file data-v6.txt (compact mmCIF, C-alpha atoms)
# COMPACT_ATOMS: atom_id res chain seq x y z
CA MET A 297 -21.02 54.86 -54.70
CA SER A 298 -21.84 51.77 -52.73
CA ALA A 299 -22.90 48.54 -54.45
CA SER A 300 -24.76 47.33 -51.36
CA LEU A 301 -26.74 50.58 -51.12
CA ILE A 302 -27.77 50.26 -54.77
CA SER A 303 -28.73 46.63 -54.20
CA MET A 304 -30.95 47.59 -51.27
CA VAL A 305 -32.68 50.53 -52.98
CA THR A 306 -33.20 48.48 -56.15
CA ALA A 307 -35.02 45.74 -54.20
CA LEU A 308 -37.23 48.37 -52.55
CA ALA A 309 -37.96 50.20 -55.82
CA ASP A 310 -38.68 47.00 -57.74
CA ASP A 311 -41.17 45.84 -55.06
CA GLU A 312 -43.04 49.14 -55.36
CA LEU A 313 -42.97 49.19 -59.17
CA VAL A 314 -44.12 45.62 -59.72
CA LEU A 315 -46.81 45.61 -57.04
CA GLY A 316 -47.93 49.08 -58.17
CA HIS A 317 -48.29 47.66 -61.68
CA ARG A 318 -50.38 44.73 -60.43
CA HIS A 319 -52.58 47.10 -58.43
CA SER A 320 -53.05 49.30 -61.50
CA GLU A 321 -54.51 46.33 -63.39
CA TRP A 322 -57.62 46.77 -61.24
CA THR A 323 -58.31 50.23 -62.66
CA GLY A 324 -61.79 50.03 -64.17
CA PHE A 325 -62.54 46.63 -62.60
CA THR A 326 -62.56 47.24 -58.85
CA PRO A 327 -65.71 46.18 -56.91
CA TYR A 328 -67.16 49.70 -57.00
CA ILE A 329 -66.23 53.12 -58.31
CA GLU A 330 -65.02 54.70 -55.05
CA GLU A 331 -62.69 51.79 -54.45
CA ASP A 332 -61.58 51.95 -58.07
CA VAL A 333 -60.38 55.52 -57.48
CA ALA A 334 -58.84 54.71 -54.09
CA PHE A 335 -56.99 51.60 -55.26
CA SER A 336 -55.79 53.25 -58.47
CA SER A 337 -54.45 56.07 -56.33
CA ILE A 338 -52.56 53.59 -54.18
CA ALA A 339 -51.13 52.05 -57.36
CA GLN A 340 -49.97 55.49 -58.50
CA ASP A 341 -48.38 56.14 -55.10
CA GLU A 342 -46.40 52.90 -55.28
CA ILE A 343 -45.17 53.62 -58.79
CA GLY A 344 -44.34 57.19 -57.74
CA HIS A 345 -42.24 55.83 -54.89
CA ALA A 346 -40.45 53.52 -57.31
CA ALA A 347 -39.74 56.47 -59.65
CA ALA A 348 -38.28 58.51 -56.79
CA LEU A 349 -36.09 55.58 -55.68
CA TYR A 350 -34.85 54.97 -59.24
CA ALA A 351 -34.01 58.67 -59.49
CA LEU A 352 -31.93 58.31 -56.32
CA ILE A 353 -30.08 55.32 -57.77
CA GLY A 354 -29.61 57.30 -60.99
CA GLN A 355 -27.85 60.06 -59.07
CA MET A 356 -25.27 57.49 -58.01
CA THR A 357 -24.93 55.49 -61.23
CA GLY A 358 -25.72 58.12 -63.85
CA ASP A 359 -28.61 56.04 -65.27
CA GLU A 360 -31.93 57.51 -66.30
CA PRO A 361 -34.76 56.54 -63.90
CA ASP A 362 -36.87 55.21 -66.81
CA LYS A 363 -34.03 53.00 -67.93
CA LEU A 364 -33.71 51.60 -64.40
CA GLY A 365 -37.42 51.00 -64.08
CA LEU A 366 -38.22 49.80 -67.58
CA GLY A 367 -34.97 49.00 -69.34
CA ARG A 368 -33.74 45.90 -67.57
CA GLU A 369 -33.91 42.19 -68.35
CA LYS A 370 -36.27 40.08 -66.26
CA SER A 371 -33.46 38.49 -64.28
CA GLU A 372 -32.18 41.94 -63.26
CA TYR A 373 -35.31 42.78 -61.27
CA ARG A 374 -35.01 42.23 -57.52
CA HIS A 375 -38.62 42.38 -56.27
CA ALA A 376 -40.08 39.60 -54.14
CA VAL A 377 -42.03 36.96 -56.07
CA ILE A 378 -45.29 37.78 -54.24
CA CYS A 379 -45.35 41.19 -55.97
CA GLU A 380 -45.51 39.61 -59.43
CA ARG A 381 -48.33 37.12 -58.72
CA PRO A 382 -51.49 37.77 -60.76
CA ASN A 383 -54.31 39.55 -58.97
CA GLN A 384 -56.66 36.52 -59.13
CA ASP A 385 -59.73 37.88 -57.29
CA TRP A 386 -60.34 40.78 -54.92
CA ALA A 387 -59.70 38.53 -51.90
CA TYR A 388 -56.20 37.61 -53.06
CA THR A 389 -55.48 41.21 -54.03
CA LEU A 390 -56.60 42.36 -50.59
CA ALA A 391 -54.64 39.66 -48.75
CA ARG A 392 -51.48 40.61 -50.63
CA HIS A 393 -52.11 44.35 -50.27
CA TRP A 394 -52.47 43.90 -46.50
CA LEU A 395 -49.44 41.61 -46.14
CA TYR A 396 -47.31 43.88 -48.30
CA ASP A 397 -48.26 47.10 -46.58
CA THR A 398 -47.89 45.56 -43.12
CA ALA A 399 -44.41 44.42 -44.15
CA ASP A 400 -43.62 47.69 -45.91
CA SER A 401 -44.54 49.81 -42.90
CA LEU A 402 -42.16 47.78 -40.69
CA ARG A 403 -39.42 47.98 -43.26
CA LEU A 404 -39.76 51.72 -43.93
CA GLU A 405 -40.00 52.54 -40.23
CA THR A 406 -36.56 51.03 -39.66
CA LEU A 407 -35.12 52.43 -42.90
CA GLU A 408 -35.65 55.98 -41.69
CA ALA A 409 -32.49 55.36 -39.66
CA THR A 410 -30.42 54.52 -42.75
CA ALA A 411 -27.01 56.18 -42.99
CA HIS A 412 -27.90 57.63 -46.40
CA LYS A 413 -29.45 61.01 -45.55
CA GLU A 414 -31.24 61.59 -48.84
CA LEU A 415 -32.78 58.13 -48.78
CA ALA A 416 -33.90 58.71 -45.19
CA GLY A 417 -35.66 61.90 -46.28
CA LEU A 418 -37.38 60.12 -49.15
CA ILE A 419 -38.49 57.30 -46.85
CA THR A 420 -40.10 59.87 -44.54
CA LYS A 421 -42.11 61.24 -47.47
CA MET A 422 -43.08 57.75 -48.61
CA ARG A 423 -44.28 56.83 -45.14
CA ARG A 424 -46.82 59.67 -45.20
CA GLU A 425 -48.55 57.95 -48.13
CA GLU A 426 -47.94 54.44 -46.88
CA ARG A 427 -49.85 55.29 -43.71
CA TYR A 428 -53.00 55.59 -45.81
CA HIS A 429 -52.25 52.35 -47.66
CA LEU A 430 -52.12 50.43 -44.40
CA LEU A 431 -55.26 52.10 -43.04
CA HIS A 432 -57.04 51.19 -46.26
CA ALA A 433 -55.84 47.57 -46.14
CA ASP A 434 -56.68 47.21 -42.42
CA ALA A 435 -60.17 48.61 -42.94
CA TRP A 436 -60.91 46.17 -45.74
CA MET A 437 -59.44 43.20 -43.85
CA LYS A 438 -61.57 43.97 -40.81
CA ARG A 439 -64.74 44.12 -42.85
CA VAL A 440 -64.14 41.09 -45.04
CA ALA A 441 -62.87 38.96 -42.13
CA GLY A 442 -65.96 39.83 -40.10
CA GLY A 443 -68.37 39.84 -43.01
CA PRO A 444 -70.46 37.27 -44.87
CA VAL A 445 -69.23 33.70 -45.27
CA GLU A 446 -68.25 33.83 -48.93
CA GLY A 447 -65.92 36.79 -48.57
CA ARG A 448 -64.42 35.45 -45.37
CA THR A 449 -63.81 32.04 -46.91
CA ARG A 450 -62.20 33.53 -49.99
CA LEU A 451 -59.98 35.73 -47.82
CA ILE A 452 -58.83 32.74 -45.75
CA ASP A 453 -58.00 30.81 -48.95
CA ALA A 454 -56.13 33.81 -50.33
CA LEU A 455 -54.13 34.23 -47.12
CA HIS A 456 -53.13 30.57 -47.30
CA ASP A 457 -51.58 31.28 -50.69
CA ALA A 458 -50.07 34.63 -49.88
CA PHE A 459 -48.78 34.23 -46.34
CA SER A 460 -45.75 32.08 -46.89
CA GLU A 461 -44.89 33.97 -50.06
CA ALA A 462 -44.87 37.25 -48.15
CA MET A 463 -41.76 35.93 -46.40
CA GLY A 464 -39.96 36.48 -49.69
CA LEU A 465 -40.11 40.20 -48.92
CA PHE A 466 -37.57 39.55 -46.17
CA GLU A 467 -35.29 37.27 -48.10
CA PRO A 468 -31.79 38.74 -47.65
CA ILE A 469 -30.85 41.19 -50.39
CA GLU A 470 -27.69 40.78 -52.40
CA LEU A 471 -24.71 42.16 -50.43
CA GLU A 472 -26.90 42.14 -47.31
CA GLU A 473 -23.93 41.91 -44.94
CA ASP A 474 -22.25 44.91 -46.55
CA ALA A 475 -25.49 46.90 -46.45
CA VAL A 476 -25.77 46.26 -42.71
CA LYS A 477 -22.08 46.91 -42.05
CA GLU A 478 -22.08 50.15 -44.02
CA GLY A 479 -25.15 51.40 -42.16
CA TRP A 480 -27.56 51.47 -45.10
CA LEU A 481 -29.76 48.69 -43.73
CA PRO A 482 -30.32 49.40 -40.00
CA VAL A 483 -32.15 46.12 -39.27
CA PRO A 484 -31.13 42.91 -41.10
CA SER A 485 -33.81 41.24 -43.23
CA GLY A 486 -33.93 38.16 -41.00
CA GLU A 487 -34.76 40.27 -37.95
CA LEU A 488 -37.43 42.17 -39.88
CA ARG A 489 -38.94 38.84 -40.97
CA ILE A 490 -39.35 37.78 -37.34
CA ARG A 491 -40.95 41.12 -36.44
CA PHE A 492 -43.27 40.82 -39.42
CA ALA A 493 -44.30 37.27 -38.55
CA HIS A 494 -45.08 38.40 -35.02
CA LYS A 495 -47.04 41.49 -36.01
CA ALA A 496 -49.01 39.83 -38.80
CA GLY A 497 -49.77 36.87 -36.54
CA GLU A 498 -51.15 39.09 -33.83
CA ALA A 499 -53.25 40.99 -36.35
CA LEU A 500 -54.73 37.74 -37.65
CA ASP A 501 -55.62 36.69 -34.12
CA SER A 502 -57.39 39.94 -33.48
CA LEU A 503 -59.27 39.58 -36.79
CA GLY A 504 -60.45 36.17 -35.63
CA LEU A 505 -58.96 34.43 -38.63
CA PRO A 506 -58.08 30.73 -38.31
CA THR A 507 -54.91 29.98 -36.47
CA GLU A 508 -53.74 27.50 -39.12
CA ILE A 509 -52.79 30.47 -41.27
CA ARG A 510 -50.57 31.67 -38.50
CA SER A 511 -49.00 28.30 -37.82
CA ARG A 512 -48.22 28.09 -41.50
CA LEU A 513 -46.65 31.50 -41.21
CA ASP A 514 -44.49 30.39 -38.30
CA GLN A 515 -43.30 27.37 -40.25
CA SER A 516 -42.41 29.38 -43.28
CA ALA A 517 -40.67 31.97 -41.15
CA GLU A 518 -37.64 29.75 -41.35
CA PHE A 519 -35.89 29.77 -44.68
CA VAL A 520 -34.50 26.50 -45.84
CA ALA A 521 -31.00 26.66 -47.23
CA SER A 522 -29.75 24.17 -49.79
CA SER A 523 -26.43 22.41 -49.40
CA SER A 524 -24.77 25.16 -51.43
CA GLY A 525 -26.07 27.72 -48.99
CA ASP A 526 -28.47 29.30 -51.48
CA LEU A 527 -32.03 29.91 -50.45
CA ILE A 528 -34.35 27.60 -52.27
CA ALA A 529 -36.92 29.39 -54.34
CA ASP A 530 -39.33 26.69 -55.42
CA GLY A 531 -42.39 25.27 -53.77
CA GLU A 532 -41.35 21.67 -54.40
CA THR A 533 -40.57 19.15 -51.74
CA HIS A 534 -36.82 19.11 -51.51
CA GLU A 535 -34.68 15.99 -51.60
CA ASP A 536 -34.44 15.89 -47.80
CA GLY A 537 -38.23 15.71 -47.65
CA VAL A 538 -38.75 19.18 -46.24
CA SER A 539 -41.55 21.16 -47.82
CA ILE A 540 -40.12 24.45 -48.99
CA PRO A 541 -42.22 27.57 -49.14
CA SER A 542 -42.59 29.07 -52.58
CA GLY A 543 -42.08 32.74 -53.23
CA LEU A 544 -38.35 32.94 -52.60
CA GLY A 545 -35.66 33.82 -55.11
CA GLY A 546 -36.91 37.26 -56.12
CA ARG A 547 -34.07 39.07 -54.37
CA SER A 548 -31.56 37.24 -56.55
CA GLY A 549 -33.55 37.68 -59.77
CA GLU A 550 -35.15 34.22 -59.89
CA HIS A 551 -38.70 35.05 -60.85
CA SER A 552 -41.70 32.87 -61.56
CA SER A 553 -43.25 32.57 -65.02
CA ASP A 554 -45.93 35.00 -63.76
CA PHE A 555 -43.37 37.77 -64.25
CA ASP A 556 -43.04 37.10 -68.01
CA ALA A 557 -46.33 38.68 -69.10
CA LEU A 558 -46.05 41.46 -66.54
CA TRP A 559 -42.55 42.37 -67.74
CA ASP A 560 -43.71 42.34 -71.40
CA ASP A 561 -46.53 44.69 -70.51
CA LEU A 562 -44.50 46.95 -68.23
CA THR A 563 -41.54 47.45 -70.57
CA HIS A 564 -43.37 47.26 -73.92
CA THR A 565 -43.41 50.97 -74.79
CA PHE A 566 -39.89 51.53 -73.53
CA ARG A 567 -38.61 48.74 -75.79
CA GLU A 568 -40.72 49.61 -78.85
CA VAL A 569 -40.12 53.36 -78.83
CA PRO A 570 -36.60 54.04 -77.59
CA GLY A 571 -36.31 57.47 -76.03
CA ALA A 572 -40.06 57.92 -75.66
CA THR A 573 -41.03 60.49 -73.06
CA TRP A 574 -44.26 60.76 -71.11
CA MET B 137 -74.25 50.34 -48.33
CA ASP B 138 -75.15 53.90 -47.40
CA THR B 139 -74.73 57.14 -49.25
CA TRP B 140 -72.43 59.66 -47.57
CA GLU B 141 -72.34 63.35 -48.37
CA VAL B 142 -68.78 64.66 -48.48
CA PHE B 143 -67.68 68.11 -47.35
CA ARG B 144 -64.20 69.58 -47.51
CA ARG B 145 -62.49 72.84 -46.68
CA TYR B 146 -59.14 74.45 -47.18
CA GLY B 147 -57.66 75.99 -44.04
CA HIS B 148 -59.44 76.91 -40.83
CA LYS B 149 -60.93 80.18 -41.98
CA SER B 150 -63.03 78.97 -44.88
CA ALA B 151 -66.32 77.11 -44.62
CA PHE B 152 -66.85 73.45 -45.35
CA GLU B 153 -68.30 72.99 -48.80
CA HIS B 154 -70.18 70.07 -50.20
CA CYS B 155 -68.11 68.36 -52.89
CA GLY B 156 -69.91 65.12 -53.71
CA THR B 157 -71.03 61.76 -52.39
CA VAL B 158 -69.54 58.33 -51.83
CA THR B 159 -71.13 54.96 -51.26
CA ALA B 160 -69.68 53.09 -48.28
CA ALA B 161 -70.63 50.61 -45.59
CA ASP B 162 -69.77 52.88 -42.66
CA SER B 163 -68.20 56.22 -41.77
CA GLU B 164 -64.62 54.93 -41.59
CA MET B 165 -64.81 53.46 -45.09
CA ALA B 166 -66.60 56.57 -46.32
CA LEU B 167 -63.69 58.73 -45.10
CA LEU B 168 -61.13 56.42 -46.70
CA MET B 169 -62.97 56.56 -50.02
CA ALA B 170 -63.71 60.28 -49.85
CA LYS B 171 -60.05 61.13 -49.22
CA GLU B 172 -58.99 59.58 -52.52
CA CYS B 173 -62.06 60.66 -54.49
CA PHE B 174 -62.06 64.32 -53.42
CA LEU B 175 -58.76 65.24 -51.73
CA ARG B 176 -56.15 63.40 -53.71
CA ARG B 177 -54.76 66.54 -55.36
CA ARG B 178 -54.66 68.78 -52.29
CA GLU B 179 -58.11 70.25 -52.84
CA GLY B 180 -58.52 70.62 -49.10
CA GLU B 181 -57.13 69.94 -45.68
CA HIS B 182 -60.24 68.92 -43.78
CA LEU B 183 -62.89 66.37 -44.59
CA TRP B 184 -66.34 65.50 -43.28
CA VAL B 185 -68.67 62.74 -44.26
CA VAL B 186 -72.31 62.79 -43.22
CA ASN B 187 -74.72 59.94 -43.66
CA ARG B 188 -77.41 61.18 -45.99
CA THR B 189 -80.08 59.85 -43.61
CA ASP B 190 -78.79 62.34 -41.02
CA ILE B 191 -79.57 65.26 -43.28
CA HIS B 192 -83.07 66.68 -42.90
CA SER B 193 -85.15 68.84 -45.15
CA PHE B 194 -88.76 69.95 -45.38
CA GLN B 195 -91.10 67.36 -46.74
CA ASP B 196 -92.82 70.09 -48.69
CA GLU B 197 -90.27 72.47 -50.15
CA THR B 198 -92.96 74.80 -51.51
CA LEU B 199 -92.69 76.23 -47.99
CA LEU B 200 -89.43 77.76 -49.14
CA GLU B 201 -90.99 79.64 -52.01
CA VAL B 202 -91.36 83.37 -51.47
CA ALA B 203 -94.99 84.37 -51.85
CA ALA B 204 -94.88 88.18 -51.75
CA ASP B 205 -92.56 90.99 -52.80
CA LYS B 206 -89.66 90.94 -50.30
CA SER B 207 -87.58 93.66 -51.93
CA TYR B 208 -87.88 95.84 -48.83
CA ARG B 209 -85.85 93.22 -46.94
CA PHE B 210 -82.75 94.02 -48.99
CA PRO B 211 -80.49 97.03 -48.28
CA GLU B 212 -80.76 98.06 -51.94
CA ALA B 213 -84.40 98.89 -51.31
CA TYR B 214 -83.26 101.76 -49.07
CA ARG B 215 -80.86 103.49 -51.49
CA ASP B 216 -83.48 106.05 -52.53
CA VAL B 217 -84.28 106.82 -48.89
CA VAL B 218 -80.92 108.63 -48.48
CA VAL B 219 -81.78 111.06 -51.26
CA LEU B 220 -85.27 111.63 -49.86
CA ARG B 221 -83.88 112.12 -46.36
CA GLU B 222 -81.32 114.71 -47.53
CA ARG B 223 -84.01 116.50 -49.45
CA ALA B 224 -86.25 116.55 -46.36
CA ARG B 225 -83.40 117.88 -44.21
CA GLU B 226 -82.71 120.74 -46.62
CA ARG B 227 -86.40 121.54 -46.72
CA ALA B 228 -86.55 121.54 -42.88
CA GLU B 229 -83.55 123.88 -42.64
CA GLN B 230 -85.13 126.12 -45.25
CA LEU B 231 -88.41 126.24 -43.30
CA ALA B 232 -86.56 126.92 -40.05
CA GLY B 233 -84.72 129.82 -41.73
CA GLU B 234 -87.96 131.36 -43.01
CA ALA B 235 -89.52 131.08 -39.53
CA GLY B 236 -86.44 132.77 -37.94

call {"tool": "encode", "arguments": {"input": "data-v6.txt", "output": "structure tokens"}}
result
Amino acid sequence: MSASLISMVTALADDELVLGHRHSEWTGFTPYIEEDVAFSSIAQDEIGHAAALYALIGQMTGDEPDKLGLGREKSEYRHAVICERPNQDWAYTLARHWLYDTADSLRLETLEATAHKELAGLITKMRREERYHLLHADAWMKRVAGGPVEGRTRLIDALHDAFSEAMGLFEPIELEEDAVKEGWLPVPSGELRIRFAHKAGEALDSLGLPTEIRSRLDQSAEFVASSSGDLIADGETHEDGVSIPSGLGGRSGEHSSDFDALWDDLTHTFREVPGATW
Amino acid sequence: MDTWEVFRRYGHKSAFEHCGTVTAADSEMALLMAKECFLRRREGEHLWVVNRTDIHSFQDETLLEVAADKSYRFPEAYRDVVVLRERARERAEQLAGEAG
């Protein structure tokens, strides 16, 4: 059993669970019925991936998958902060869906080369579904970016909020160096972050979206380390005057207050009815 | 947005069957929606969407009503013929025998 492997899979599973939960909040409220079905299905896929990843961790630790997914304290979750942000409107949901699935496809592509054979097999299965998620996100982005002014404007505003926070997906995981050394993580998070910034930037250019979003992305592509060496998780201007992107800290369990209500909701039944099955 | 008629089939040997409609702005979105609405539980392996405006029918569908008795166009109408034919053959053989 490797602590760094568990750390890596936990981060991946928690991203899928928490974002899947946010997506599922659209069920019944999506702009129209076909999209309601499609987006709910994507939410189910993400939660299904989380369940499979928790089961894999459970094989190593002896924990029940439900306990891993629903039986932890808030500070024990390792998802990126962007996953826990409220849905706001469809534009923000779309911007985040696109950023996440663009990032996820890069991450999963490289993870197929992980030294853990069973995880590699699971990643291959996940990628079959993730291919649809990215197609879906790309199709929506193309239409909203090239569509009427209101939608386009809302999308640009949403991307301003979401872009820098998406970098939190590539914040180094706990025991990152061990995970790389032991072969679990084939490409370090920092390298993936650069690839993501490049790919997302190019996609924005081809969508004809304003370049200021991209320049903001480039800026936030550099993490700012505090004097203690920790990554700084807040959006405040730091003492040295450098503006620090928000959305960091998730990989070490420092979540925003947005996670409070989500966690209550997500874990409610598990806490109220111990041993419940469904 | 347009209305798209959705067809699906399972395997290469069966025919495409109509399974419903989706509303979408264009064919790409229609396919993306139709996949989740109609193929999410492996109900098929192939999918078509057709813009409803590309489907044509008679303006006056009373043309399709059958005016007269068409029973003679079905094979069942000829079941009795076999019996009659056999009877005629026996009769012919009988007549030939009498003549000989």

call {"tool": "closest_residue", "arguments": {"input": "data-v6.txt", "among": "B:Lys149, B:His154, B:Arg223, B:Arg144", "to": "Leu175 (chain B)", "atoms": "only C-alpha atoms"}}
result
B:Arg144

call {"tool": "interface_residues", "arguments": {"input": "data-v6.txt", "of": "chain B", "to": "chain A", "cutoff": "10 Å", "atoms": "all atoms listed in the file", "output": "list in words"}}
result
Thr157, Val158, Thr159, Ala160, Ala161, Glu164, Met165, Ala166, Leu168, Met169, Ala170, Lys171, Glu172, Cys173, Phe174 and Arg176 of chain B

call {"tool": "write_last_selection", "arguments": {"input": "data-v6.txt", "atoms": "C-alpha atoms", "output": "PDB file, keeping the file's coordinate frame"}}
result
ATOM      1  CA  THR B 157     -71.030  61.760 -52.390  1.00  0.00           C
ATOM      2  CA  VAL B 158     -69.540  58.330 -51.830  1.00  0.00           C
ATOM      3  CA  THR B 159     -71.130  54.960 -51.260  1.00  0.00           C
ATOM      4  CA  ALA B 160     -69.680  53.090 -48.280  1.00  0.00           C
ATOM      5  CA  ALA B 161     -70.630  50.610 -45.590  1.00  0.00           C
ATOM      6  CA  GLU B 164     -64.620  54.930 -41.590  1.00  0.00           C
ATOM      7  CA  MET B 165     -64.810  53.460 -45.090  1.00  0.00           C
ATOM      8  CA  ALA B 166     -66.600  56.570 -46.320  1.00  0.00           C
ATOM      9  CA  LEU B 168     -61.130  56.420 -46.700  1.00  0.00           C
ATOM     10  CA  MET B 169     -62.970  56.560 -50.020  1.00  0.00           C
ATOM     11  CA  ALA B 170     -63.710  60.280 -49.850  1.00  0.00           C
ATOM     12  CA  LYS B 171     -60.050  61.130 -49.220  1.00  0.00           C
ATOM     13  CA  GLU B 172     -58.990  59.580 -52.520  1.00  0.00           C
ATOM     14  CA  CYS B 173     -62.060  60.660 -54.490  1.00  0.00           C
ATOM     15  CA  PHE B 174     -62.060  64.320 -53.420  1.00  0.00           C
ATOM     16  CA  ARG B 176     -56.150  63.400 -53.710  1.00  0.00           C
TER      17      ARG B 176
END

call {"tool": "residues_around", "arguments": {"input": "data-v6.txt", "residues": "Thr357 (chain A)", "least_positions_apart": "5", "cutoff": "10 Å", "atoms": "only C-alpha atoms", "output": "count of residues only"}}
result
6

call {"tool": "closest_residue", "arguments": {"input": "data-v6.txt", "among": "A:Asp501, A:Glu312, A:Glu473, A:Glu478", "to": "Glu380 (chain A)", "atoms": "only C-alpha atoms"}}
result
A:Glu312

call {"tool": "residues_around", "arguments": {"input": "data-v6.txt", "residues": "Tyr146 (chain B)", "least_positions_apart": "5", "cutoff": "7 Å", "atoms": "all atoms listed in the file", "output": "list in words"}}
result
Gly180, Glu181 and His182 of chain B

call {"tool": "residues_near_point", "arguments": {"input": "data-v6.txt", "point": "(-48.8, 38.1, -50.7)", "cutoff": "6 Å", "atoms": "only C-alpha atoms", "output": "list in words"}}
result
Ile378, Arg392, Leu395, Ala458, Phe459, Glu461 and Ala462 of chain A

call {"tool": "residues_around", "arguments": {"input": "data-v6.txt", "residues": "Ser303 (chain A)", "least_positions_apart": "2", "cutoff": "8 Å", "atoms": "only C-alpha atoms", "output": "MDAnalysis selection string"}}
result
chainID A and resid 299:301 305:307 469:471

call {"tool": "build_atoms", "arguments": {"input": "data-v6.txt", "residues": "region 223-229 of chain B", "atoms": "all heavy atoms", "output": "PDB file, in the frame of the given file"}}
result
ATOM      1  N   ARG B 223     -83.111 115.477 -48.924  1.00  0.00           N
ATOM      2  CA  ARG B 223     -84.010 116.500 -49.450  1.00  0.00           C
ATOM      3  C   ARG B 223     -84.904 117.043 -48.317  1.00  0.00           C
ATOM      4  O   ARG B 223     -85.115 118.253 -48.199  1.00  0.00           O
ATOM      5  CB  ARG B 223     -84.882 115.886 -50.556  1.00  0.00           C
ATOM      6  CG  ARG B 223     -85.277 116.907 -51.629  1.00  0.00           C
ATOM      7  CD  ARG B 223     -86.104 116.243 -52.711  1.00  0.00           C
ATOM      8  NE  ARG B 223     -85.284 115.413 -53.566  1.00  0.00           N
ATOM      9  CZ  ARG B 223     -85.757 114.443 -54.358  1.00  0.00           C
ATOM     10  NH1 ARG B 223     -87.052 114.156 -54.365  1.00  0.00           N
ATOM     11  NH2 ARG B 223     -84.956 113.752 -55.134  1.00  0.00           N
ATOM     12  N   ALA B 224     -85.380 116.162 -47.476  1.00  0.00           N
ATOM     13  CA  ALA B 224     -86.250 116.550 -46.360  1.00  0.00           C
ATOM     14  C   ALA B 224     -85.486 117.430 -45.364  1.00  0.00           C
ATOM     15  O   ALA B 224     -86.010 118.401 -44.828  1.00  0.00           O
ATOM     16  CB  ALA B 224     -86.790 115.303 -45.655  1.00  0.00           C
ATOM     17  N   ARG B 225     -84.206 117.096 -45.148  1.00  0.00           N
ATOM     18  CA  ARG B 225     -83.400 117.880 -44.210  1.00  0.00           C
ATOM     19  C   ARG B 225     -83.210 119.317 -44.717  1.00  0.00           C
ATOM     20  O   ARG B 225     -83.363 120.287 -43.977  1.00  0.00           O
ATOM     21  CB  ARG B 225     -82.044 117.205 -44.009  1.00  0.00           C
ATOM     22  CG  ARG B 225     -81.150 117.924 -43.019  1.00  0.00           C
ATOM     23  CD  ARG B 225     -79.894 117.137 -42.751  1.00  0.00           C
ATOM     24  NE  ARG B 225     -80.155 115.954 -41.957  1.00  0.00           N
ATOM     25  CZ  ARG B 225     -79.436 114.828 -42.008  1.00  0.00           C
ATOM     26  NH1 ARG B 225     -78.435 114.737 -42.865  1.00  0.00           N
ATOM     27  NH2 ARG B 225     -79.723 113.816 -41.242  1.00  0.00           N
ATOM     28  N   GLU B 226     -82.884 119.408 -46.013  1.00  0.00           N
ATOM     29  CA  GLU B 226     -82.710 120.740 -46.620  1.00  0.00           C
ATOM     30  C   GLU B 226     -83.992 121.553 -46.496  1.00  0.00           C
ATOM     31  O   GLU B 226     -83.969 122.734 -46.154  1.00  0.00           O
ATOM     32  CB  GLU B 226     -82.333 120.593 -48.098  1.00  0.00           C
ATOM     33  CG  GLU B 226     -80.866 120.254 -48.321  1.00  0.00           C
ATOM     34  CD  GLU B 226     -80.589 119.857 -49.761  1.00  0.00           C
ATOM     35  OE1 GLU B 226     -81.330 120.300 -50.676  1.00  0.00           O
ATOM     36  OE2 GLU B 226     -79.629 119.070 -49.969  1.00  0.00           O
ATOM     37  N   ARG B 227     -85.092 120.863 -46.773  1.00  0.00           N
ATOM     38  CA  ARG B 227     -86.400 121.540 -46.720  1.00  0.00           C
ATOM     39  C   ARG B 227     -86.677 122.015 -45.283  1.00  0.00           C
ATOM     40  O   ARG B 227     -87.136 123.147 -45.080  1.00  0.00           O
ATOM     41  CB  ARG B 227     -87.473 120.529 -47.167  1.00  0.00           C
ATOM     42  CG  ARG B 227     -88.916 121.047 -47.094  1.00  0.00           C
ATOM     43  CD  ARG B 227     -89.268 121.921 -48.313  1.00  0.00           C
ATOM     44  NE  ARG B 227     -90.625 122.453 -48.185  1.00  0.00           N
ATOM     45  CZ  ARG B 227     -90.948 123.716 -48.351  1.00  0.00           C
ATOM     46  NH1 ARG B 227     -90.009 124.598 -48.614  1.00  0.00           N
ATOM     47  NH2 ARG B 227     -92.203 124.133 -48.250  1.00  0.00           N
ATOM     48  N   ALA B 228     -86.317 121.185 -44.286  1.00  0.00           N
ATOM     49  CA  ALA B 228     -86.550 121.540 -42.880  1.00  0.00           C
ATOM     50  C   ALA B 228     -85.727 122.749 -42.482  1.00  0.00           C
ATOM     51  O   ALA B 228     -86.215 123.673 -41.826  1.00  0.00           O
ATOM     52  CB  ALA B 228     -86.212 120.348 -41.985  1.00  0.00           C
ATOM     53  N   GLU B 229     -84.430 122.745 -42.960  1.00  0.00           N
ATOM     54  CA  GLU B 229     -83.550 123.880 -42.640  1.00  0.00           C
ATOM     55  C   GLU B 229     -84.082 125.167 -43.259  1.00  0.00           C
ATOM     56  O   GLU B 229     -84.056 126.240 -42.655  1.00  0.00           O
ATOM     57  CB  GLU B 229     -82.130 123.597 -43.137  1.00  0.00           C
ATOM     58  CG  GLU B 229     -81.378 122.637 -42.218  1.00  0.00           C
ATOM     59  CD  GLU B 229     -80.071 122.140 -42.832  1.00  0.00           C
ATOM     60  OE1 GLU B 229     -79.689 122.604 -43.935  1.00  0.00           O
ATOM     61  OE2 GLU B 229     -79.451 121.252 -42.193  1.00  0.00           O
TER      62      GLU B 229
END
